[in-house]
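Single-structure report; data block below.
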Amino acid sequence: MVRAAGFGASKSREPCPCLSGMSYDSCCEPLHRGERWAMTAEQLMRSRYSAFAFAEVDYLIETHPDTATSLAQRRKELRKNCHDVRWLALKIKAVEAGGVDDLQGTVTFEATFGVAGQRNVMTETSLFQRRDGDRKGKWLYIKPL
């Protein structure tokens, strides 16, 4: 079970919420801090899951371009989601393309979460693309399929 760290607590040495088997400081934290970019679509998907678990709202905004909603509204909605939802487990079910040399790819995943004491499971196939169609560009979450 993953929960956001409380005030003054360190989450760096904890297992990463994305369940990669690595610690947060060697897995998703460097992406959240902008120290490096995701190399694959799956890595970006995992880092976004961890960002929801640890309320890394700026990272969620940075990795999902959305011009339909104002930045202030997106920030408000993401903060509420991160506050209300407790992310419990992530399982990658399938990955198509999205490798280091690809321009786009899809990741199908199952995320288990709790809201208001109820356990839920969400299954989604997400589309990821490189920014500006550049093989060296950042991966971005585009939309669910």
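Labels for the structure tokens follow display order: chains A, B, ..., residues from 1 in each chain, ligands from 1.
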| Taking the backbone alone, and naming residues the way the document does, which bits of chain A are strand (DSSP E) by DSSP, as a ChimeraX atom specification? | /A:85-97,104-115,118-130,139-144
For the contact check between stretch 120-142 of chain A and stretch 96-105 of chain A, emit one row per residue of stretch 120-142 of chain A within 9 Å, containing the shortest atom pair and the distance in Å rounded to one decimal, counting only C-alpha atoms, chain then rising number order, as a Markdown table.
| residue | atom | partner | partner_atom | distance |
| --- | --- | --- | --- | --- |
| A:Ser126 | CA | A:Gly105 | CA | 8.4 |
| A:Leu127 | CA | A:Gly105 | CA | 6.0 |
| A:Phe128 | CA | A:Gly105 | CA | 5.4 |
| A:Gln129 | CA | A:Gln104 | CA | 4.1 |
| A:Arg130 | CA | A:Leu103 | CA | 5.2 |
| A:Arg131 | CA | A:Leu103 | CA | 8.6 |
| A:Gly133 | CA | A:Leu103 | CA | 6.1 |
| A:Asp134 | CA | A:Leu103 | CA | 7.0 |
| A:Arg135 | CA | A:Leu103 | CA | 5.9 |
| A:Lys136 | CA | A:Asp101 | CA | 8.4 |
| A:Gly137 | CA | A:Leu103 | CA | 8.8 |
| A:Trp139 | CA | A:Gln104 | CA | 8.2 |
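Rounded to one decimal, atom CA of A:Thr40 and atom CA of A:Glu110 lie 18.2 Å from each other.
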| field | Every residue of chain A that DSSP places in alpha helix (DSSP H), as an MDAnalysis selection string | value | chainID A and resid 29:32 41:53 57:62 71:84
How close does stretch 36-106 of chain A get to stretch 22-32 of chain A? List, as a Markdown table, each residue of stretch 36-106 of chain A within 12 Å, its nearest atom pair and the distance in Å to one decimal, counting only C-alpha atoms.
| residue | atom | partner | partner_atom | distance |
| --- | --- | --- | --- | --- |
| A:Arg36 | CA | A:Leu31 | CA | 5.3 |
| A:Trp37 | CA | A:Leu31 | CA | 5.6 |
| A:Ala38 | CA | A:Leu31 | CA | 6.7 |
| A:Met39 | CA | A:Leu31 | CA | 10.1 |
| A:Glu42 | CA | A:Cys28 | CA | 11.7 |
| A:Gln43 | CA | A:Cys28 | CA | 8.3 |
| A:Leu44 | CA | A:Leu31 | CA | 8.6 |
| A:Met45 | CA | A:Cys28 | CA | 10.3 |
| A:Arg46 | CA | A:Cys28 | CA | 7.6 |
| A:Ser47 | CA | A:Cys28 | CA | 5.2 |
| A:Arg48 | CA | A:Cys28 | CA | 8.6 |
| A:Tyr49 | CA | A:Cys28 | CA | 9.4 |
| A:Ser50 | CA | A:Cys28 | CA | 6.9 |
| A:Ala51 | CA | A:His32 | CA | 7.2 |
| A:Phe52 | CA | A:His32 | CA | 10.9 |
| A:Ala53 | CA | A:Cys28 | CA | 11.2 |
| A:Phe54 | CA | A:His32 | CA | 9.9 |
| A:Ala55 | CA | A:His32 | CA | 10.4 |
| A:Glu56 | CA | A:His32 | CA | 7.0 |
| A:Val57 | CA | A:His32 | CA | 9.5 |
| A:Asp58 | CA | A:His32 | CA | 8.5 |
| A:Tyr59 | CA | A:His32 | CA | 5.8 |
| A:Leu60 | CA | A:His32 | CA | 8.9 |
| A:Ile61 | CA | A:His32 | CA | 11.2 |
| A:Glu62 | CA | A:His32 | CA | 9.8 |
| A:Thr63 | CA | A:His32 | CA | 10.0 |
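The protein and nucleic acid residues lying at most 7 Å from A:Val95 are Ala97, Thr106, Val107 and Thr108 of chain A, with only C-alpha atoms considered and sequence neighbours fewer than 2 positions away removed.
Among the candidates A:Ser20, A:Asp132, A:Ala68, A:Arg13, the one nearest to A:Ile92 when counting only C-alpha atoms is A:Ser20.
Counting only C-alpha atoms, the residue from A:Ala41, A:Gly114, A:Arg119, A:Pro15 that sits nearest to A:Asn81 is A:Gly114.
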| field | Given only C-alpha atoms as the counted atoms, nearest of A:Lys143, A:Lys138, A:Gln73, A:Lys91 to A:Met122 | value | A:Lys91
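The coordinates place atom CA of A:Leu90 at 17.9 Å from atom CA of A:Lys11.
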